[in-house]
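coords-v9.txt follows (compact mmCIF, C-alpha atoms):
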# COMPACT_ATOMS: atom_id res chain seq x y z
CA MET A 787 97.33 87.93 49.65
CA LYS A 788 94.50 87.35 52.13
CA TYR A 789 96.94 86.81 55.00
CA MET A 790 98.96 89.87 54.01
CA MET A 791 95.80 91.99 54.12
CA LEU A 792 94.92 90.64 57.58
CA ALA A 793 98.43 91.34 58.86
CA THR A 794 98.32 94.87 57.47
CA ALA A 795 94.94 95.50 59.12
CA ALA A 796 96.18 94.16 62.46
CA ALA A 797 99.25 96.39 62.32
CA ALA A 798 97.08 99.41 61.56
CA LEU A 799 94.78 98.57 64.47
CA MET A 800 97.74 98.30 66.87
CA ALA A 801 99.00 101.66 65.68
CA LEU A 802 95.65 103.24 66.50
CA THR A 803 95.37 101.59 69.94
CA PRO A 804 96.75 103.81 72.74
CA THR A 805 99.47 102.24 74.89
CA ALA A 806 100.27 103.09 78.48
CA GLN A 807 103.15 105.51 78.83
CA ALA A 808 105.80 104.82 81.44
CA GLN A 809 105.75 107.57 84.04
CA GLU A 810 108.68 108.88 86.04
CA LEU A 811 107.49 110.51 89.24
CA ARG A 812 109.59 113.04 91.16
CA MET A 813 109.73 112.43 94.92
CA SER A 814 111.01 115.09 97.33
CA HIS A 815 112.24 114.53 100.87
CA VAL A 816 113.99 116.68 103.46
CA ARG A 817 117.03 114.64 104.51
CA PRO A 818 120.49 114.48 102.89
CA GLN A 819 121.39 111.75 100.44
CA ASP A 820 122.16 108.41 102.16
CA ALA A 821 120.26 109.37 105.32
CA THR A 822 117.92 106.65 106.62
CA ILE A 823 114.83 107.95 104.81
CA ASP A 824 116.79 108.28 101.57
CA VAL A 825 117.93 104.66 101.74
CA GLU A 826 114.42 103.45 102.58
CA LEU A 827 112.84 105.49 99.78
CA ARG A 828 115.32 104.08 97.29
CA ALA A 829 114.19 100.59 98.25
CA PHE A 830 110.57 101.73 97.91
CA ALA A 831 111.26 103.16 94.45
CA GLU A 832 112.83 99.88 93.34
CA ALA A 833 109.80 97.97 94.66
CA VAL A 834 107.45 100.22 92.68
CA THR A 835 109.44 99.78 89.47
CA GLU A 836 109.38 96.01 89.91
CA ALA A 837 105.70 95.83 90.88
CA THR A 838 104.60 97.94 87.89
CA GLY A 839 106.88 96.23 85.40
CA GLY A 840 108.64 99.53 84.79
CA ASP A 841 105.41 101.44 84.10
CA VAL A 842 106.11 103.70 87.08
CA THR A 843 109.56 104.82 88.20
CA ILE A 844 110.42 107.25 90.98
CA GLU A 845 113.32 109.71 90.99
CA LEU A 846 114.34 110.95 94.43
CA PHE A 847 115.27 114.54 95.23
CA PRO A 848 116.82 114.57 98.74
CA ALA A 849 117.78 117.52 100.92
CA SER A 850 114.78 119.64 99.89
CA ALA A 851 116.25 120.01 96.40
CA LEU A 852 112.79 120.84 95.03
CA GLY A 853 112.10 123.42 97.73
CA ASP A 854 111.19 123.74 101.40
CA TYR A 855 108.59 121.18 102.45
CA THR A 856 105.91 123.87 102.75
CA THR A 857 106.51 124.91 99.14
CA VAL A 858 106.67 121.30 98.00
CA GLN A 859 103.28 120.48 99.55
CA GLU A 860 101.77 123.49 97.87
CA ARG A 861 103.21 122.48 94.50
CA ILE A 862 102.03 118.90 94.88
CA SER A 863 98.51 120.19 95.44
CA PHE A 864 98.40 121.52 91.88
CA GLY A 865 100.56 118.83 90.26
CA ALA A 866 103.80 120.76 89.73
CA ILE A 867 105.64 118.17 91.86
CA ASP A 868 104.49 114.56 91.89
CA MET A 869 105.32 113.14 95.33
CA ALA A 870 107.01 113.76 98.66
CA THR A 871 107.70 112.11 101.99
CA GLN A 872 107.85 114.92 104.54
CA PRO A 873 106.16 116.61 107.51
CA ALA A 874 102.68 118.04 107.11
CA ALA A 875 102.92 121.74 106.31
CA THR A 876 100.40 124.01 108.00
CA ALA A 877 100.51 127.08 105.74
CA ALA A 878 97.58 125.92 103.60
CA ASP A 879 95.51 124.68 106.54
CA ARG A 880 96.22 125.42 110.21
CA ARG A 881 94.35 122.28 111.21
CA MET A 882 97.33 120.24 110.04
CA GLN A 883 99.00 121.25 113.30
CA ILE A 884 97.12 118.28 114.75
CA SER A 885 99.85 116.08 113.25
CA SER A 886 102.56 117.63 115.44
CA PHE A 887 100.45 118.23 118.54
CA PRO A 888 102.93 118.25 121.46
CA TYR A 889 102.89 115.40 123.97
CA LEU A 890 99.94 113.73 122.26
CA ALA A 891 101.53 110.27 122.54
CA GLY A 892 103.73 109.16 125.39
CA ASN A 893 105.27 105.95 124.02
CA TRP A 894 105.62 103.96 120.81
CA ASP A 895 102.51 101.84 121.34
CA GLN A 896 100.43 104.98 121.79
CA ALA A 897 102.07 106.57 118.75
CA ARG A 898 101.18 103.62 116.56
CA ALA A 899 97.59 103.70 117.77
CA VAL A 900 97.29 107.42 116.92
CA TYR A 901 99.38 107.73 113.76
CA GLY A 902 99.42 104.19 112.37
CA PRO A 903 96.86 102.53 110.07
CA GLY A 904 93.36 103.37 111.27
CA GLY A 905 94.69 105.85 113.84
CA VAL A 906 92.68 108.95 114.64
CA VAL A 907 95.24 111.56 113.63
CA ARG A 908 96.30 109.64 110.55
CA GLU A 909 92.72 109.51 109.26
CA VAL A 910 92.15 113.19 109.98
CA VAL A 911 95.36 114.26 108.24
CA GLY A 912 94.51 112.11 105.24
CA GLY A 913 91.23 113.99 104.94
CA LEU A 914 92.95 117.36 105.21
CA TYR A 915 95.37 116.39 102.45
CA ALA A 916 92.44 115.29 100.27
CA GLU A 917 90.97 118.78 100.55
CA GLN A 918 94.23 120.07 99.01
CA ASN A 919 94.05 117.67 96.05
CA ILE A 920 96.68 115.44 97.65
CA THR A 921 96.47 111.69 98.29
CA MET A 922 98.22 110.22 101.33
CA LEU A 923 99.83 106.85 100.59
CA ALA A 924 101.56 106.13 103.91
CA ALA A 925 102.66 107.51 107.26
CA TYR A 926 106.35 107.40 108.13
CA PRO A 927 107.10 107.32 111.87
CA VAL A 928 110.40 109.04 112.56
CA TYR A 929 111.03 109.57 116.29
CA PHE A 930 109.96 111.28 119.47
CA GLY A 931 111.29 114.83 119.35
CA GLY A 932 113.97 116.30 121.55
CA ILE A 933 116.03 119.43 122.10
CA ALA A 934 119.51 119.94 120.62
CA LEU A 935 121.75 122.64 122.07
CA ASN A 936 125.12 124.03 121.10
CA THR A 937 125.64 124.87 124.76
CA GLU A 938 125.08 123.26 128.14
CA ALA A 939 121.54 122.59 129.31
CA ILE A 940 120.05 124.68 132.11
CA SER A 941 117.48 122.92 134.31
CA PRO A 942 116.39 120.77 131.33
CA GLY A 943 113.73 118.85 133.27
CA ASP A 944 112.12 121.83 134.99
CA PRO A 945 109.74 123.74 132.69
CA SER A 946 109.19 126.42 135.34
CA VAL A 947 112.75 127.73 134.84
CA GLU A 948 113.20 130.40 132.16
CA ASN A 949 116.62 129.32 130.99
CA GLY A 950 117.28 132.17 128.53
CA ILE A 951 118.38 129.79 125.77
CA LYS A 952 117.24 130.87 122.32
CA VAL A 953 116.26 128.02 119.99
CA ARG A 954 115.21 127.67 116.39
CA VAL A 955 111.71 126.30 115.92
CA PRO A 956 109.77 125.51 112.72
CA GLY A 957 107.26 128.08 111.54
CA ILE A 958 104.48 126.12 113.21
CA ARG A 959 102.82 127.74 116.20
CA SER A 960 102.68 124.56 118.28
CA PHE A 961 106.49 124.34 118.33
CA GLN A 962 106.86 128.00 119.23
CA LEU A 963 104.45 127.66 122.14
CA THR A 964 106.04 124.41 123.30
CA ALA A 965 109.48 126.01 123.43
CA GLU A 966 108.11 128.84 125.56
CA ALA A 967 106.29 126.45 127.91
CA LEU A 968 109.54 124.54 128.47
CA GLY A 969 111.47 127.71 129.35
CA TYR A 970 113.16 128.50 126.01
CA ILE A 971 113.05 131.56 123.75
CA PRO A 972 111.70 130.44 120.35
CA SER A 973 112.88 131.88 117.05
CA PRO A 974 111.03 130.69 113.92
CA ILE A 975 113.65 130.06 111.21
CA PRO A 976 113.29 128.08 107.94
CA PHE A 977 114.91 124.66 108.04
CA SER A 978 117.27 125.60 105.22
CA GLU A 979 118.72 128.41 107.37
CA ALA A 980 118.67 126.64 110.74
CA PHE A 981 122.17 125.13 110.74
CA THR A 982 123.80 128.46 109.91
CA ALA A 983 121.72 130.16 112.60
CA VAL A 984 123.08 127.79 115.24
CA GLN A 985 126.61 127.84 113.84
CA THR A 986 126.79 131.64 113.91
CA GLY A 987 125.16 131.98 117.33
CA VAL A 988 121.92 133.56 116.17
CA VAL A 989 120.30 130.79 118.23
CA ASP A 990 121.81 128.32 120.70
CA GLY A 991 119.90 125.24 119.67
CA VAL A 992 116.94 123.64 117.95
CA ILE A 993 113.52 122.34 118.92
CA GLY A 994 111.40 120.52 116.37
CA SER A 995 113.50 117.51 115.42
CA GLY A 996 114.87 114.38 117.10
CA ALA A 997 118.09 112.41 117.36
CA GLU A 998 118.06 111.27 113.72
CA GLY A 999 117.39 114.76 112.44
CA TYR A 1000 120.03 116.35 114.62
CA TYR A 1001 122.60 113.75 113.62
CA ALA A 1002 121.75 114.14 109.93
CA SER A 1003 121.58 117.93 109.77
CA PHE A 1004 123.04 119.46 112.96
CA ARG A 1005 125.81 117.07 113.97
CA ASP A 1006 128.51 119.76 114.07
CA VAL A 1007 126.51 122.09 116.33
CA THR A 1008 124.97 119.68 118.82
CA GLN A 1009 126.82 119.75 122.12
CA THR A 1010 123.86 118.61 124.24
CA TYR A 1011 120.83 116.47 123.42
CA ILE A 1012 117.72 116.30 125.62
CA PRO A 1013 115.28 113.48 124.69
CA ALA A 1014 112.27 115.43 125.95
CA ASN A 1015 109.62 113.63 123.85
CA THR A 1016 108.29 117.06 122.80
CA HIS A 1017 106.18 115.60 120.00
CA PHE A 1018 105.92 112.51 117.87
CA GLU A 1019 107.48 113.17 114.48
CA VAL A 1020 105.59 111.54 111.65
CA TRP A 1021 106.00 112.28 107.98
CA TYR A 1022 103.61 111.38 105.21
CA MET A 1023 104.14 109.92 101.78
CA ILE A 1024 101.92 112.03 99.57
CA ILE A 1025 101.17 112.25 95.86
CA SER A 1026 99.27 114.72 93.73
CA THR A 1027 95.75 113.33 93.40
CA GLU A 1028 95.73 114.39 89.76
CA VAL A 1029 98.96 112.49 89.12
CA PHE A 1030 97.78 109.43 91.06
CA GLU A 1031 94.47 109.25 89.21
CA GLY A 1032 96.37 109.56 85.95
CA LEU A 1033 97.94 106.15 86.56
CA ASP A 1034 96.07 103.07 85.40
CA ALA A 1035 94.23 101.05 88.05
CA GLU A 1036 96.86 98.30 88.27
CA ASP A 1037 99.68 100.79 88.80
CA GLN A 1038 97.64 102.63 91.43
CA ASP A 1039 97.15 99.37 93.32
CA ALA A 1040 100.83 98.51 93.03
CA LEU A 1041 101.84 101.94 94.31
CA ARG A 1042 99.49 101.68 97.29
CA ALA A 1043 100.71 98.17 98.13
CA ALA A 1044 104.36 99.24 97.99
CA ALA A 1045 103.58 102.23 100.24
CA GLU A 1046 101.80 100.02 102.78
CA ALA A 1047 104.79 97.65 102.89
CA PHE A 1048 107.16 100.62 103.21
CA GLU A 1049 105.20 101.91 106.21
CA ALA A 1050 104.84 98.52 107.91
CA THR A 1051 108.59 97.96 107.74
CA ARG A 1052 109.24 101.40 109.22
CA TRP A 1053 106.97 100.86 112.22
CA ASP A 1054 108.93 97.69 112.99
CA VAL A 1055 112.31 99.45 113.12
CA ALA A 1056 111.59 103.07 114.09
CA GLU A 1057 111.95 102.75 117.88
CA ALA A 1058 115.28 100.92 117.63
CA ASP A 1059 116.41 103.43 115.02
CA GLN A 1060 115.75 106.28 117.47
CA GLY A 1061 117.91 104.59 120.09
CA ARG A 1062 120.74 104.02 117.62
CA ASN A 1063 120.75 107.66 116.59
CA GLU A 1064 120.88 108.83 120.19
CA GLN A 1065 123.93 106.64 120.69
CA ARG A 1066 125.52 107.93 117.50
CA LEU A 1067 125.29 111.47 118.87
CA VAL A 1068 127.08 110.34 122.02
CA GLU A 1069 129.65 107.91 120.64
CA GLU A 1070 130.57 109.59 117.36
CA LEU A 1071 130.20 113.25 118.25
CA GLY A 1072 130.75 113.32 122.01
CA THR A 1073 127.33 114.90 122.58
CA THR A 1074 126.11 115.01 126.19
CA LEU A 1075 122.87 113.03 126.45
CA VAL A 1076 120.71 114.43 129.25
CA GLU A 1077 118.74 111.63 130.90
CA LEU A 1078 115.32 112.74 132.10
CA GLY A 1079 113.36 110.83 134.72
CA ASP A 1080 109.69 109.94 134.49
CA ALA A 1081 108.77 112.73 136.90
CA GLU A 1082 110.61 115.32 134.79
CA LEU A 1083 108.99 114.11 131.57
CA ALA A 1084 105.59 114.17 133.26
CA ALA A 1085 106.17 117.75 134.47
CA MET A 1086 107.11 118.87 130.95
CA SER A 1087 104.10 117.13 129.44
CA GLU A 1088 101.74 118.64 132.02
CA ALA A 1089 103.12 122.14 131.50
CA VAL A 1090 102.71 121.93 127.73
CA ARG A 1091 99.24 120.40 127.88
CA ALA A 1092 98.09 123.11 130.28
CA GLU A 1093 99.69 126.09 128.53
CA VAL A 1094 99.93 125.11 124.90
CA TRP A 1095 96.97 122.87 124.08
CA PRO A 1096 94.29 125.54 124.69
CA GLN A 1097 96.11 128.01 122.43
CA ILE A 1098 96.57 125.52 119.60
CA LEU A 1099 92.95 124.46 119.87
CA GLU A 1100 91.91 128.07 119.51
CA ASP A 1101 94.12 128.32 116.44
CA ILE A 1102 92.82 125.22 114.67
CA GLY A 1103 89.21 125.37 115.84
CA ALA A 1104 88.46 124.47 119.45
CA GLU A 1105 85.46 122.24 118.82
CA TRP A 1106 87.08 120.43 115.89
CA GLY A 1107 90.40 119.93 117.68
CA GLN A 1108 88.86 118.88 120.99
CA SER A 1109 86.81 116.19 119.26
CA ILE A 1110 90.05 114.66 117.96
CA LEU A 1111 91.74 114.87 121.37
CA ASP A 1112 88.69 113.17 122.89
CA GLN A 1113 88.99 110.34 120.38
CA VAL A 1114 92.72 109.99 121.16
CA ALA A 1115 91.93 109.88 124.90
CA ALA A 1116 89.21 107.28 124.32
CA ALA A 1117 91.79 105.14 122.52
CA GLY A 1118 93.89 105.12 125.69
CA ASN A 1119 96.40 107.92 125.10
In structure tokens, how does this file's structure come out?
Amino acid sequence: MKYMMLATAAAALMALTPTAQAQELRMSHVRPQDATIDVELRAFAEAVTEATGGDVTIELFPASALGDYTTVQERISFGAIDMATQPAATAADRRMQISSFPYLAGNWDQARAVYGPGGVVREVVGGLYAEQNITMLAAYPVYFGGIALNTEAISPGDPSVENGIKVRVPGIRSFQLTAEALGYIPSPIPFSEAFTAVQTGVVDGVIGSGAEGYYASFRDVTQTYIPANTHFEVWYMIISTEVFEGLDAEDQDALRAAAEAFEATRWDVAEADQGRNEQRLVEELGTTLVELGDAELAAMSEAVRAEVWPQILEDIGAEWGQSILDQVAAAGN
């Protein structure tokens, strides 16, 4: 009888003790299913499930299924969507344009120093996300940006030539100004409408992506590709701070560790991945790859820095922005 009473008491105590609930987090990203980022995020999700013993699982929503990345960031900020890996959206805070500042890095070593762990821009963007109730878990280096055209290029390495080619740009002022400085006519169009705009001739090309993005989303309308290094494309793995803090401490640590490993692996393969995607455009689609010399790239960079940087600085706060550029310059970029 005594042992039965003890067993009954223990069972009652267990019933009153709260147990951790397994959480399924929804992760948005902008590329189609089976694109590189989709494959890498699936591996990340599996690592999180394993590391947390199934306490945390992640369901992926590719191809902006949960909304345009600007909308997704906004919804993450108040917990309506859990996570995303995507570009920084500037609608909530213009200062986030610092992430896509044109010609800020000139090569992969410089990009890693600026956007990688401990990098100036990475730290700044993490702080800007925090102000929106968003926690940054990792940076995801994608590529150096280029120009995709559904027509032949006109003086692609000479920014002084107004070529009359109309191109889609994201709704971010830095891209619009960069297109103008390089001789193009910019037309801000949402990503979800960009392919149709090129296909129907509303615009003749796209600025704002790179070889991987053009292969994934514009392969049927890319006749010419110009690797102009317009900007360094970096996405961020972000999570609602409210959602993240709702996880227990062990699961938070496991999620952070998996994100760090995910990022480290990407930095190791990103440069080679860019080269492969440029070749895929050429070999699989017959795209003309325009080779630019160092002098042409330097002329484009100088034109954009002279014409565009002052205007973006005015937009994001000249003193604030210049202090970041000074730190980047001091780091050797």
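Across the model, the gap from CA of Val816 in chain A to CA of Ala997 in chain A is 15.1 Å.
Residues in contact range of Ala851 in chain A, defined as at most 10 Å between all atoms listed in the file, with sequence neighbours fewer than 6 positions away removed, read Ser814, His815, Val816, Arg817, Pro818 and Val858 of chain A.
Among the candidates A:Ala1035, A:Leu1041, A:Gly904, A:Ile884, the one nearest to Trp1106 in chain A when counting only C-alpha atoms is A:Ile884.
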Around all listed atoms of range 1052-1055 of chain A, padded 3 Å per side, what centre and edge lengths does the axis-aligned box have in Å to one decimal, as JSON?
{"center_x": 109.6, "center_y": 99.5, "center_z": 111.2, "size_x": 11.3, "size_y": 9.7, "size_z": 9.9}
Notebook entry, point to check: In Å, how far is it from CA of Leu923 in chain A to CA of Ala1043 in chain A?
Noted result: 9.1 Å
Margin query: For a quick check of understanding, using only C-alpha atoms, which of A:Pro848, A:Gly913, A:Pro1013, A:Pro976 has the smallest distance to Gly1079 in chain A?
Written below: A:Pro1013
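Between CA of Asp1054 in chain A and CA of Gln896 in chain A there is a distance of 14.2 Å.
By all atoms listed in the file, and with residues fewer than 4 positions from Thr871 in chain A along its chain excluded, the set lying at most 9 Å from it is A:Met813, A:Ser814, A:His815, A:Val816, A:Ile823, A:Leu827, A:Ala924, A:Ala925, A:Tyr926, A:Trp1021, A:Tyr1022, A:Met1023, A:Ile1024, A:Ile1025.
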For those residues, write C-alpha atoms to a file as a PDB file, in the frame of the given file.
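Dumped to out.pdb:
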ATOM      1  CA  MET A 813     109.730 112.430  94.920  1.00  0.00           C
ATOM      2  CA  SER A 814     111.010 115.090  97.330  1.00  0.00           C
ATOM      3  CA  HIS A 815     112.240 114.530 100.870  1.00  0.00           C
ATOM      4  CA  VAL A 816     113.990 116.680 103.460  1.00  0.00           C
ATOM      5  CA  ILE A 823     114.830 107.950 104.810  1.00  0.00           C
ATOM      6  CA  LEU A 827     112.840 105.490  99.780  1.00  0.00           C
ATOM      7  CA  ALA A 924     101.560 106.130 103.910  1.00  0.00           C
ATOM      8  CA  ALA A 925     102.660 107.510 107.260  1.00  0.00           C
ATOM      9  CA  TYR A 926     106.350 107.400 108.130  1.00  0.00           C
ATOM     10  CA  TRP A1021     106.000 112.280 107.980  1.00  0.00           C
ATOM     11  CA  TYR A1022     103.610 111.380 105.210  1.00  0.00           C
ATOM     12  CA  MET A1023     104.140 109.920 101.780  1.00  0.00           C
ATOM     13  CA  ILE A1024     101.920 112.030  99.570  1.00  0.00           C
ATOM     14  CA  ILE A1025     101.170 112.250  95.860  1.00  0.00           C
TER      15      ILE A1025
END
